[in-house]
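Working notes, beginning with the structure itself.
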Amino acid sequence: MSAEGTTVDMKDVELTEVEPTEKEVEPPEVEQEKVVEPTEVEQEKEVELTEKEQEKQPMTGGGEATNGDAASSPAAENGNGTVKVLLPEEETEAKFTGLSKEELLRVAGTPGWVRTRCALLALFWLGWLGMLAGAVIIILQAPRCRTPPAVSWWNQGPLYQIGDVQAFADNLPGVQQKVSQLAKLKLKGLVLGPVHVAPEDQPQRLDFHNISPDVGNLRQFRDLLQAVHKKNMFLVLDLTPNYHGNQPWYSNITVTTVAEELKSALMFWLKEGVDGVQLAGVEQVMTAEPSLWADIRAIVQNRSDDVDTKKVLVGVTDGGSAPGVSALLGSSGVDLLLSDVLRSNAEDATERAQSVQLLVAAHPQGRLAWNLGGRSQGHLASLVGSSGVKGHQLLLFTLPGTPVFNYGDEIGLLDQETKFPTMLWDSPEAEQELNGTAKEDQERRSSVLQVFRDLSELRAAEPALLYGDLLLLHNASSSLAYARVWDQSDRFLAAFNWGSEEGVALDLSHPLLGPEGVVVMAAGAQGPGAAGPGAAVALEAVQLGPGQALLIKVPYRG
């Protein structure tokens with residue numbers, strides 16, 4: 001057939017849909033995108049490409065991708081051009097397990113590691129030596145602590161004189177019953193008696209070895225001595241020969257005979273266990289019989305060198321002149337000397353301060369004793385007045401040396417018709433029955449007693465008060481102030497206004513003291529502006545009311 005005959009007009013032909021035959025293969029369906037479950041090695045990650053990154057992708061030629069393209073492409077396109085790409089997960093990083101023993105041994109011997117070890121070892125020893133050198137320098141440059149002085153037992157606390165056993169507690173058993181109460185006062189020693197047989201002004205009847213039957217017997221004395229020692233206190237026996245008479249050693253004619261008798265008596269009582277001896281009128285015997293006095297000293301003082309077992313020799317003089325007392329203390333050789341030096345200048349604070357300074361400068365603190373009153377002078381309250389007892393207790397406890405009190409001074413006991421008044425013993429039962437004036441008197445005694453206890457405890461606990469140096473800060477006709485200073489311990493400042501009419505303001509600042517302190521104790525009337533216990537005070541302006549005394553603690557500042 002020719003081409004012309006076979007020409008067909010396509011406009012006249014009607015196209016019909018051809019049904020596929022069984023042999024025809026239907027186009028493969030587009031495979032659904034398989035979701036790969038994440039495994040330990042890989043996981044599905046979706047990465048959204050930005051429009052800029054999409055522009056860099058190869059474009060398909062208009063229209064939708066073919067089924068084959070969709071099936072073979074690793075990425076499937078979403079509606080707005082976002083492409084999801086499946087990326088294999090990076091392999092898990094391998095864990096570092098370290099080097100084996102063989103590898104370590106092989107590496108350790110290499111020159112590099114040997115040099116490293118040597119360098120580190122050298123740095124270690126250099127650092128150690130540097131720290132050692134630094135510690136040595138710090139120790140050498142640090143302020144050295146002063147060595148505390150050797151303190152004998154009689155310097156460690158107050159001594160308490162029981163000059164009349166009968167007035168104090170009837171007899172020796174009565175004294176023994178009061179030992180526990182006395183121990184609460186933090187006393188270091190009792191000075192008992194005299195209690196030996198000694199009729200007034202009758203040297204021929206003197207008997208040092210026997211106790212007067214009016215007060216007890218030797219067995220009772222031994223019991224008392226044992227009770228005192230159990231309370232960690234010491235007992236000093238007063239063996240003044242003629243204690244009932246006016247002349248302690250009778251007369252110069254009898255001094256030799258009496259001194260000879262005393263030597264054997266000393267041996268007897270020291271063997272019984274007494275811790276020392278007190279003798280009045282020492283200047284009389286040492287002047288009349290120097291050799292006998294030397295023997296007496298040797299018997300008492302040469303028995304031991306140990307500070308806790310030494311025997312003390314206490315002398316008593318009626319002298320009140322500071323130069324005279326100082327000379328007697330030096331020449332007599334006694335361990336302590338009781339005198340009238342504080343009482344003789346009680347009206348003038350300037351003279352009192354000068355007396356204290358003279359004695360402190362001339363003698364070691366361990367040989368100084370401070371007292372107001374005694375057998376011949378009477379009690380503290382009768383000498384300074386009831387209102388001045390607390391202030392003078394503060395004075396005696398804070399001066400450098402040993403404070404010595406008469407029985408009853410701890411409660412402000414007043415002399416009556418005798419200088420040996422009956423001791424007053426307050427009890428809880430008796431207090432309930434008191435009223436009016438009697439109750440007020442009892443409250444006053446309790447208040448004075450508390451001050452005594454507090455001062456006694458404070459002195460025993462603070463190095464500055466026990467053996468500290470004396471630093472005079474103020475000295476006027478009616479006022480006095482000084483500080484006790486020891487090394488790096490807290491300082492204590494004592495200030496007194498003995499004027500009865502006006503208060504005073506004192507500048508007590510000093511380079512060895514800080515700018516302020518705290519009031520530990522206040523005695524006497526508190527005037528306007530005066531600080532009370534617990535109050536902080538500036539040392540440049542310390543206010544004292546009329547008749548007031550203050551004890552101020554100033555912390556150490558290195």
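Identifiers in the structure tokens: chain A, B, ... in order shown; residue index from 1 per chain; ligand index from 1 in order shown.
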Q: Skip A:Arg146 itself and residues of its chain fewer than 2 positions away, then list as a list in words all residues within 9 Å of it, counting only C-alpha atoms.
A: Arg144, Pro148, Pro149, Trp486, Asp487 and Gln488 of chain A
Q | Shell of 10 Å around A:Ser447, only C-alpha atoms, local chain residues under 6 positions omitted, as JSON, numbers by chain | A | {"A": [390, 410, 411, 412, 441]}
Output for the residues just chosen: N, CA, C and O atoms as an mmCIF file, in the first residue's frame:
data_model
loop_
_atom_site.group_PDB
_atom_site.id
_atom_site.type_symbol
_atom_site.label_atom_id
_atom_site.label_comp_id
_atom_site.auth_asym_id
_atom_site.auth_seq_id
_atom_site.Cartn_x
_atom_site.Cartn_y
_atom_site.Cartn_z
ATOM 1 N N LYS A 390 35.203 45.734 149.686
ATOM 2 C CA LYS A 390 35.338 45.128 148.355
ATOM 3 C C LYS A 390 36.486 45.747 147.569
ATOM 4 O O LYS A 390 37.274 45.043 146.917
ATOM 5 N N GLU A 410 36.650 38.000 154.598
ATOM 6 C CA GLU A 410 35.909 37.597 153.398
ATOM 7 C C GLU A 410 34.431 37.962 153.482
ATOM 8 O O GLU A 410 33.732 37.965 152.462
ATOM 9 N N ILE A 411 33.944 38.287 154.681
ATOM 10 C CA ILE A 411 32.536 38.689 154.836
ATOM 11 C C ILE A 411 32.412 40.099 155.397
ATOM 12 O O ILE A 411 31.309 40.556 155.705
ATOM 13 N N GLY A 412 33.526 40.794 155.547
ATOM 14 C CA GLY A 412 33.486 42.154 156.099
ATOM 15 C C GLY A 412 33.231 42.164 157.596
ATOM 16 O O GLY A 412 32.543 43.067 158.101
ATOM 17 N N ASP A 441 22.083 42.791 156.896
ATOM 18 C CA ASP A 441 23.477 42.492 157.236
ATOM 19 C C ASP A 441 23.927 41.181 156.602
ATOM 20 O O ASP A 441 25.058 41.066 156.114
#
Would you mind listing what lies within 8 Å of A:Arg484 as a short mmCIF file (atom, residue, chain, number, x, y, z; two decimals) with N, CA and C atoms, in the first residue's frame, with only C-alpha atoms counted and same-chain residues fewer than 5 positions away left out?
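And here's result.cif as it stands now:
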data_model
loop_
_atom_site.label_atom_id
_atom_site.label_comp_id
_atom_site.auth_asym_id
_atom_site.auth_seq_id
_atom_site.Cartn_x
_atom_site.Cartn_y
_atom_site.Cartn_z
N THR A 398 45.12 41.96 143.53
CA THR A 398 45.71 42.32 142.24
C THR A 398 47.13 42.87 142.34
N ALA A 464 48.63 36.83 134.37
CA ALA A 464 48.95 38.24 134.62
C ALA A 464 48.76 38.60 136.09
N LEU A 465 47.74 38.05 136.74
CA LEU A 465 47.50 38.34 138.15
C LEU A 465 48.36 37.47 139.07
N GLY A 468 52.35 38.41 136.90
CA GLY A 468 52.59 39.43 135.89
C GLY A 468 53.32 40.65 136.42
N ASP A 469 53.91 41.40 135.49
CA ASP A 469 54.63 42.63 135.85
C ASP A 469 53.63 43.72 136.24
N LEU A 470 54.12 44.64 137.07
CA LEU A 470 53.30 45.78 137.51
C LEU A 470 53.61 46.98 136.62
N LEU A 471 52.56 47.59 136.07
CA LEU A 471 52.69 48.76 135.21
C LEU A 471 51.85 49.89 135.79
N ARG A 491 45.65 41.18 129.73
CA ARG A 491 46.08 42.13 130.74
C ARG A 491 44.92 42.47 131.68
N PHE A 492 45.25 42.85 132.90
CA PHE A 492 44.23 43.27 133.86
C PHE A 492 44.61 44.62 134.45
N LEU A 493 43.64 45.49 134.46
CA LEU A 493 43.85 46.86 134.90
C LEU A 493 42.99 47.12 136.13
#
Q. Could you write out, as a ChimeraX atom specification, all the residues of stretch 402-483 of chain A that DSSP marks as helix (DSSP H, G or I)?
A. /A:409-411,428-432,436-461,463-467
The selected residues should be written to file as a compact mmCIF listing (two decimals), in the first residue's frame (atoms: N, CA and C atoms).
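Output file again-v9.txt is given in full below:
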# COMPACT_ATOMS: atom_id res chain seq x y z
N ASP A 409 37.56 38.57 157.09
CA ASP A 409 37.69 39.62 156.07
C ASP A 409 36.90 39.29 154.82
N GLU A 410 36.65 38.00 154.60
CA GLU A 410 35.91 37.60 153.40
C GLU A 410 34.43 37.96 153.48
N ILE A 411 33.94 38.29 154.68
CA ILE A 411 32.54 38.69 154.84
C ILE A 411 32.41 40.10 155.40
N PRO A 428 21.69 28.42 155.50
CA PRO A 428 20.38 28.58 154.85
C PRO A 428 19.22 28.53 155.83
N GLU A 429 19.34 27.70 156.87
CA GLU A 429 18.25 27.60 157.84
C GLU A 429 18.09 28.89 158.62
N ALA A 430 19.23 29.47 159.03
CA ALA A 430 19.17 30.71 159.79
C ALA A 430 18.69 31.88 158.94
N GLU A 431 19.03 31.87 157.65
CA GLU A 431 18.63 32.96 156.77
C GLU A 431 17.11 33.08 156.67
N GLN A 432 16.39 31.98 156.73
CA GLN A 432 14.94 32.01 156.60
C GLN A 432 14.27 32.70 157.79
N GLY A 436 14.41 42.26 158.61
CA GLY A 436 14.84 43.61 158.95
C GLY A 436 16.34 43.81 158.80
N THR A 437 16.91 44.45 159.81
CA THR A 437 18.34 44.78 159.78
C THR A 437 19.21 43.53 159.71
N ALA A 438 18.83 42.49 160.42
CA ALA A 438 19.62 41.26 160.41
C ALA A 438 19.70 40.66 159.01
N LYS A 439 18.60 40.73 158.26
CA LYS A 439 18.60 40.20 156.90
C LYS A 439 19.47 41.07 155.99
N GLU A 440 19.41 42.37 156.17
CA GLU A 440 20.25 43.26 155.36
C GLU A 440 21.73 43.01 155.63
N ASP A 441 22.08 42.79 156.90
CA ASP A 441 23.48 42.49 157.24
C ASP A 441 23.93 41.18 156.60
N GLN A 442 23.03 40.20 156.62
CA GLN A 442 23.38 38.92 156.01
C GLN A 442 23.57 39.06 154.51
N GLU A 443 22.74 39.83 153.84
CA GLU A 443 22.87 40.04 152.40
C GLU A 443 24.18 40.78 152.08
N ARG A 444 24.55 41.73 152.94
CA ARG A 444 25.81 42.43 152.73
C ARG A 444 26.99 41.47 152.86
N ARG A 445 26.96 40.60 153.86
CA ARG A 445 28.04 39.63 154.03
C ARG A 445 28.14 38.69 152.82
N SER A 446 26.98 38.27 152.31
CA SER A 446 26.98 37.37 151.15
C SER A 446 27.57 38.06 149.92
N SER A 447 27.27 39.34 149.76
CA SER A 447 27.78 40.09 148.62
C SER A 447 29.31 40.23 148.70
N VAL A 448 29.81 40.54 149.89
CA VAL A 448 31.27 40.67 150.07
C VAL A 448 31.94 39.32 149.86
N LEU A 449 31.33 38.27 150.35
CA LEU A 449 31.89 36.93 150.20
C LEU A 449 32.00 36.52 148.73
N GLN A 450 31.00 36.88 147.94
CA GLN A 450 31.02 36.52 146.52
C GLN A 450 32.16 37.23 145.80
N VAL A 451 32.40 38.49 146.14
CA VAL A 451 33.51 39.22 145.53
C VAL A 451 34.84 38.56 145.88
N PHE A 452 34.97 38.15 147.14
CA PHE A 452 36.20 37.47 147.58
C PHE A 452 36.42 36.19 146.77
N ARG A 453 35.39 35.39 146.63
CA ARG A 453 35.51 34.14 145.87
C ARG A 453 35.88 34.39 144.42
N ASP A 454 35.21 35.36 143.80
CA ASP A 454 35.47 35.65 142.39
C ASP A 454 36.90 36.11 142.17
N LEU A 455 37.38 36.98 143.05
CA LEU A 455 38.75 37.48 142.92
C LEU A 455 39.77 36.36 143.14
N SER A 456 39.50 35.50 144.12
CA SER A 456 40.42 34.40 144.41
C SER A 456 40.51 33.44 143.23
N GLU A 457 39.38 33.11 142.62
CA GLU A 457 39.37 32.22 141.46
C GLU A 457 40.06 32.87 140.26
N LEU A 458 39.82 34.16 140.06
CA LEU A 458 40.41 34.86 138.92
C LEU A 458 41.93 34.93 139.05
N ARG A 459 42.41 35.22 140.25
CA ARG A 459 43.85 35.31 140.44
C ARG A 459 44.54 33.98 140.17
N ALA A 460 43.92 32.89 140.59
CA ALA A 460 44.52 31.57 140.38
C ALA A 460 44.53 31.18 138.91
N ALA A 461 43.62 31.73 138.12
CA ALA A 461 43.46 31.31 136.72
C ALA A 461 44.24 32.18 135.74
N PRO A 463 47.53 34.23 134.46
CA PRO A 463 48.98 34.44 134.65
C PRO A 463 49.33 35.88 134.97
N ALA A 464 48.63 36.83 134.37
CA ALA A 464 48.95 38.24 134.62
C ALA A 464 48.76 38.60 136.09
N LEU A 465 47.74 38.05 136.74
CA LEU A 465 47.50 38.34 138.15
C LEU A 465 48.36 37.47 139.07
N LEU A 466 48.76 36.32 138.57
CA LEU A 466 49.53 35.40 139.41
C LEU A 466 50.99 35.83 139.51
N TYR A 467 51.60 36.19 138.37
CA TYR A 467 53.00 36.61 138.43
C TYR A 467 53.34 37.66 137.37
Q) Among stretch 210-427 of chain A, which ones does DSSP place in strand (DSSP E or B), written as number ranges by chain? A) A: 210-211, 234-238, 276-280, 312-316, 336-338, 369-371, 374, 378, 402-406
Output file for the residues above (N, CA and C atoms, as a PDB file, in the first residue's frame):
ATOM      1  N   ASN A 210      53.454  21.688 173.553  1.00  0.00           N
ATOM      2  CA  ASN A 210      52.107  21.295 173.963  1.00  0.00           C
ATOM      3  C   ASN A 210      51.076  22.335 173.533  1.00  0.00           C
ATOM      4  N   ILE A 211      49.905  21.826 173.198  1.00  0.00           N
ATOM      5  CA  ILE A 211      48.805  22.694 172.768  1.00  0.00           C
ATOM      6  C   ILE A 211      47.988  23.097 173.996  1.00  0.00           C
ATOM      7  N   PHE A 234      47.529  24.106 152.656  1.00  0.00           N
ATOM      8  CA  PHE A 234      48.695  23.967 153.523  1.00  0.00           C
ATOM      9  C   PHE A 234      48.397  24.622 154.874  1.00  0.00           C
ATOM     10  N   LEU A 235      49.125  24.184 155.888  1.00  0.00           N
ATOM     11  CA  LEU A 235      48.902  24.736 157.222  1.00  0.00           C
ATOM     12  C   LEU A 235      50.214  25.271 157.782  1.00  0.00           C
ATOM     13  N   VAL A 236      50.198  26.555 158.131  1.00  0.00           N
ATOM     14  CA  VAL A 236      51.338  27.236 158.738  1.00  0.00           C
ATOM     15  C   VAL A 236      51.002  27.463 160.213  1.00  0.00           C
ATOM     16  N   LEU A 237      51.931  27.124 161.081  1.00  0.00           N
ATOM     17  CA  LEU A 237      51.706  27.245 162.524  1.00  0.00           C
ATOM     18  C   LEU A 237      52.425  28.476 163.059  1.00  0.00           C
ATOM     19  N   ASP A 238      51.691  29.347 163.715  1.00  0.00           N
ATOM     20  CA  ASP A 238      52.281  30.527 164.341  1.00  0.00           C
ATOM     21  C   ASP A 238      52.897  30.105 165.680  1.00  0.00           C
ATOM     22  N   GLY A 276      54.925  25.177 157.446  1.00  0.00           N
ATOM     23  CA  GLY A 276      55.691  26.400 157.647  1.00  0.00           C
ATOM     24  C   GLY A 276      55.439  26.963 159.029  1.00  0.00           C
ATOM     25  N   VAL A 277      56.149  28.042 159.309  1.00  0.00           N
ATOM     26  CA  VAL A 277      56.088  28.666 160.639  1.00  0.00           C
ATOM     27  C   VAL A 277      55.990  30.175 160.467  1.00  0.00           C
ATOM     28  N   GLN A 278      55.189  30.800 161.336  1.00  0.00           N
ATOM     29  CA  GLN A 278      55.097  32.257 161.367  1.00  0.00           C
ATOM     30  C   GLN A 278      55.609  32.755 162.711  1.00  0.00           C
ATOM     31  N   LEU A 279      56.407  33.827 162.655  1.00  0.00           N
ATOM     32  CA  LEU A 279      56.993  34.411 163.861  1.00  0.00           C
ATOM     33  C   LEU A 279      56.849  35.920 163.814  1.00  0.00           C
ATOM     34  N   ALA A 280      56.343  36.505 164.888  1.00  0.00           N
ATOM     35  CA  ALA A 280      56.268  37.959 165.000  1.00  0.00           C
ATOM     36  C   ALA A 280      57.527  38.479 165.679  1.00  0.00           C
ATOM     37  N   VAL A 312      57.589  27.261 154.522  1.00  0.00           N
ATOM     38  CA  VAL A 312      57.642  28.711 154.445  1.00  0.00           C
ATOM     39  C   VAL A 312      57.923  29.308 155.822  1.00  0.00           C
ATOM     40  N   LEU A 313      58.744  30.334 155.840  1.00  0.00           N
ATOM     41  CA  LEU A 313      59.018  31.089 157.059  1.00  0.00           C
ATOM     42  C   LEU A 313      58.423  32.482 156.880  1.00  0.00           C
ATOM     43  N   VAL A 314      57.390  32.779 157.650  1.00  0.00           N
ATOM     44  CA  VAL A 314      56.680  34.053 157.545  1.00  0.00           C
ATOM     45  C   VAL A 314      57.056  34.915 158.736  1.00  0.00           C
ATOM     46  N   GLY A 315      57.504  36.132 158.457  1.00  0.00           N
ATOM     47  CA  GLY A 315      57.819  37.092 159.513  1.00  0.00           C
ATOM     48  C   GLY A 315      56.736  38.143 159.628  1.00  0.00           C
ATOM     49  N   VAL A 316      56.602  38.711 160.807  1.00  0.00           N
ATOM     50  CA  VAL A 316      55.608  39.762 161.050  1.00  0.00           C
ATOM     51  C   VAL A 316      56.304  40.929 161.739  1.00  0.00           C
ATOM     52  N   LEU A 336      58.266  35.481 153.454  1.00  0.00           N
ATOM     53  CA  LEU A 336      57.241  36.518 153.370  1.00  0.00           C
ATOM     54  C   LEU A 336      57.313  37.380 154.630  1.00  0.00           C
ATOM     55  N   LEU A 337      56.999  38.655 154.487  1.00  0.00           N
ATOM     56  CA  LEU A 337      57.010  39.567 155.629  1.00  0.00           C
ATOM     57  C   LEU A 337      55.707  40.358 155.654  1.00  0.00           C
ATOM     58  N   LEU A 338      54.914  40.150 156.698  1.00  0.00           N
ATOM     59  CA  LEU A 338      53.681  40.917 156.880  1.00  0.00           C
ATOM     60  C   LEU A 338      54.026  42.215 157.597  1.00  0.00           C
ATOM     61  N   ALA A 369      54.352  40.137 150.416  1.00  0.00           N
ATOM     62  CA  ALA A 369      53.051  39.796 151.001  1.00  0.00           C
ATOM     63  C   ALA A 369      52.306  41.092 151.280  1.00  0.00           C
ATOM     64  N   TRP A 370      50.994  41.086 151.029  1.00  0.00           N
ATOM     65  CA  TRP A 370      50.174  42.289 151.207  1.00  0.00           C
ATOM     66  C   TRP A 370      49.036  41.972 152.167  1.00  0.00           C
ATOM     67  N   ASN A 371      48.918  42.799 153.203  1.00  0.00           N
ATOM     68  CA  ASN A 371      47.869  42.590 154.197  1.00  0.00           C
ATOM     69  C   ASN A 371      47.379  43.925 154.732  1.00  0.00           C
ATOM     70  N   GLY A 374      45.462  42.342 161.103  1.00  0.00           N
ATOM     71  CA  GLY A 374      46.163  41.207 161.684  1.00  0.00           C
ATOM     72  C   GLY A 374      45.906  41.150 163.178  1.00  0.00           C
ATOM     73  N   GLY A 378      43.734  44.457 163.778  1.00  0.00           N
ATOM     74  CA  GLY A 378      42.300  44.224 163.684  1.00  0.00           C
ATOM     75  C   GLY A 378      41.893  43.787 162.288  1.00  0.00           C
ATOM     76  N   THR A 402      51.731  37.869 147.475  1.00  0.00           N
ATOM     77  CA  THR A 402      50.756  36.993 148.136  1.00  0.00           C
ATOM     78  C   THR A 402      49.777  37.812 148.973  1.00  0.00           C
ATOM     79  N   PRO A 403      48.462  37.699 148.710  1.00  0.00           N
ATOM     80  CA  PRO A 403      47.482  38.386 149.561  1.00  0.00           C
ATOM     81  C   PRO A 403      47.258  37.592 150.848  1.00  0.00           C
ATOM     82  N   VAL A 404      47.210  38.302 151.955  1.00  0.00           N
ATOM     83  CA  VAL A 404      47.017  37.664 153.265  1.00  0.00           C
ATOM     84  C   VAL A 404      45.827  38.332 153.946  1.00  0.00           C
ATOM     85  N   PHE A 405      44.869  37.507 154.406  1.00  0.00           N
ATOM     86  CA  PHE A 405      43.649  38.022 155.019  1.00  0.00           C
ATOM     87  C   PHE A 405      43.494  37.495 156.435  1.00  0.00           C
ATOM     88  N   ASN A 406      42.797  38.295 157.236  1.00  0.00           N
ATOM     89  CA  ASN A 406      42.423  37.882 158.574  1.00  0.00           C
ATOM     90  C   ASN A 406      41.101  37.131 158.494  1.00  0.00           C
TER      91      ASN A 406
END
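The gap separating atom CA of A:Thr309 from atom CA of A:Gln226 is 15.2 Å, in Å to one decimal.
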**Q.** Exercise: A:Pro173 partners within 8 Å, only C-alpha atoms, chain neighbours under 4 positions left out, as a PyMOL selection string
**A.** chain A and resi 177+216+220+224
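As for atom CA of A:Ala353 and atom CA of A:Val554, they are spaced 21.7 Å apart.
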Q.
as an MDAnalysis selection string, please: the residues near A:Leu380 (cut-off 8 Å, only C-alpha atoms, same-chain neighbours under 3 positions excluded).
A. chainID A and resid 372:373 383:385 389 406 409 412:414
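Residues with any atom within 8 Å of A:His474, counting only C-alpha atoms and excluding same-chain neighbours fewer than 5 positions away, are Ser479, Leu480, Ala481, Tyr482, Leu506 and Leu508 of chain A.
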For stretch 361-364 of chain A, list every protein, DNA or RNA residue within 10 Å, evaluated using only C-alpha atoms, and leave out those in the same chain fewer than 2 positions away; present the list as a CSV table (one decimal) with all heavy atoms, in the first residue's frame.
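So the final result, stored in out.csv, reads:
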chain,number,residue,atom,x,y,z
A,323,PRO,N,60.7,51.9,153.1
A,323,PRO,CA,62.1,51.6,153.1
A,323,PRO,C,62.5,50.7,154.3
A,323,PRO,O,63.4,49.8,154.1
A,323,PRO,CB,62.7,53.0,153.3
A,323,PRO,CG,61.7,53.9,152.7
A,323,PRO,CD,60.4,53.3,153.1
A,326,SER,N,61.3,47.1,153.5
A,326,SER,CA,62.2,46.6,152.4
A,326,SER,C,63.5,46.1,153.0
A,326,SER,O,64.0,45.0,152.7
A,326,SER,CB,62.4,47.6,151.3
A,326,SER,OG,63.2,47.1,150.3
A,327,ALA,N,64.1,46.9,153.9
A,327,ALA,CA,65.4,46.6,154.5
A,327,ALA,C,65.3,45.3,155.3
A,327,ALA,O,66.1,44.4,155.3
A,327,ALA,CB,65.9,47.7,155.3
A,329,LEU,N,63.0,42.9,155.1
A,329,LEU,CA,62.8,41.8,154.3
A,329,LEU,C,64.1,41.2,153.7
A,329,LEU,O,64.3,40.0,153.6
A,329,LEU,CB,61.8,42.2,153.1
A,329,LEU,CG,61.4,41.1,152.1
A,329,LEU,CD1,60.8,39.9,152.8
A,329,LEU,CD2,60.5,41.6,151.0
A,330,GLY,N,65.0,42.1,153.3
A,330,GLY,CA,66.2,41.7,152.8
A,330,GLY,C,67.2,41.1,153.8
A,330,GLY,O,67.8,40.1,153.5
A,356,VAL,N,54.4,50.8,147.2
A,356,VAL,CA,54.2,49.5,146.4
A,356,VAL,C,55.4,49.5,145.4
A,356,VAL,O,56.0,48.4,145.2
A,356,VAL,CB,52.9,49.5,145.8
A,356,VAL,CG1,52.8,48.3,144.7
A,356,VAL,CG2,51.8,49.3,146.8
A,357,GLN,N,55.6,50.6,144.7
A,357,GLN,CA,56.6,50.6,143.6
A,357,GLN,C,58.0,50.3,144.2
A,357,GLN,O,58.8,49.5,143.6
A,357,GLN,CB,56.7,51.9,142.9
A,357,GLN,CG,55.6,52.0,141.8
A,357,GLN,CD,55.9,53.3,141.0
A,357,GLN,OE1,55.9,54.4,141.5
A,357,GLN,NE2,56.1,53.0,139.7
A,358,LEU,N,58.3,50.8,145.4
A,358,LEU,CA,59.6,50.6,146.0
A,358,LEU,C,59.8,49.1,146.3
A,358,LEU,O,60.9,48.5,146.0
A,358,LEU,CB,59.7,51.4,147.3
A,358,LEU,CG,61.1,51.5,148.0
A,358,LEU,CD1,61.2,52.8,148.8
A,358,LEU,CD2,61.2,50.3,149.0
A,359,LEU,N,58.8,48.5,146.9
A,359,LEU,CA,58.9,47.1,147.3
A,359,LEU,C,59.0,46.2,146.1
A,359,LEU,O,59.8,45.2,146.0
A,359,LEU,CB,57.8,46.7,148.2
A,359,LEU,CG,57.8,47.3,149.6
A,359,LEU,CD1,56.5,47.1,150.3
A,359,LEU,CD2,58.9,46.7,150.4
A,366,GLY,N,57.7,36.8,144.5
A,366,GLY,CA,57.5,35.7,145.4
A,366,GLY,C,57.8,35.9,146.9
A,366,GLY,O,57.4,35.1,147.8
A,367,ARG,N,58.4,37.1,147.2
A,367,ARG,CA,58.7,37.4,148.6
A,367,ARG,C,57.9,38.5,149.1
A,367,ARG,O,58.1,38.9,150.3
A,367,ARG,CB,60.2,37.8,148.7
A,367,ARG,CG,61.2,36.6,148.4
A,367,ARG,CD,62.6,36.9,148.8
A,367,ARG,NE,62.7,37.1,150.2
A,367,ARG,CZ,63.7,37.7,150.8
A,367,ARG,NH1,64.6,38.2,150.1
A,367,ARG,NH2,63.7,37.8,152.2
A,368,LEU,N,57.0,39.0,148.3
A,368,LEU,CA,56.1,40.1,148.8
A,368,LEU,C,54.8,39.6,149.3
A,368,LEU,O,54.2,38.7,148.7
A,368,LEU,CB,55.8,41.1,147.6
A,368,LEU,CG,57.0,41.8,147.0
A,368,LEU,CD1,56.6,42.6,145.8
A,368,LEU,CD2,57.8,42.6,148.0
A,400,PRO,N,51.2,42.6,143.0
A,400,PRO,CA,52.1,41.5,142.7
A,400,PRO,C,52.6,40.9,144.1
A,400,PRO,O,53.3,41.6,144.8
A,400,PRO,CB,53.2,42.1,141.9
A,400,PRO,CG,53.1,43.6,142.2
A,400,PRO,CD,51.7,43.9,142.5
A,401,GLY,N,52.3,39.7,144.4
A,401,GLY,CA,52.7,39.1,145.6
A,401,GLY,C,51.6,38.3,146.2
A,401,GLY,O,50.6,38.0,145.5
A,467,TYR,N,51.6,36.2,138.4
A,467,TYR,CA,53.0,36.6,138.4
A,467,TYR,C,53.3,37.7,137.4
A,467,TYR,O,54.5,37.8,137.0
A,467,TYR,CB,53.9,35.4,138.3
A,467,TYR,CG,53.5,34.4,137.2
A,467,TYR,CD1,53.6,34.7,135.9
A,467,TYR,CD2,53.0,33.2,137.6
A,467,TYR,CE1,53.2,33.8,134.9
A,467,TYR,CE2,52.7,32.2,136.7
A,467,TYR,CZ,52.7,32.5,135.3
A,467,TYR,OH,52.3,31.6,134.4
A,470,LEU,N,54.1,44.6,137.1
A,470,LEU,CA,53.3,45.8,137.5
A,470,LEU,C,53.6,47.0,136.6
A,470,LEU,O,54.8,47.3,136.4
A,470,LEU,CB,53.6,46.1,139.0
A,470,LEU,CG,52.8,47.3,139.5
A,470,LEU,CD1,51.3,47.0,139.7
A,470,LEU,CD2,53.4,47.8,140.9
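With only C-alpha atoms as the atoms that count, the minimum distance from A:Gly499 to the choices A:Val300, A:Ile137, A:Met521, A:Ala349 is reached by A:Ala349.
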Q. Looking at only C-alpha atoms, which of A:Leu394, A:Ala535, A:Val258, A:Ala119 is the one that sits closest to A:Arg205?
A. A:Val258
Q) How many Å lie between atom CA of A:Val228 and atom CA of A:Leu159, rounded to one decimal? A) 13.0 Å
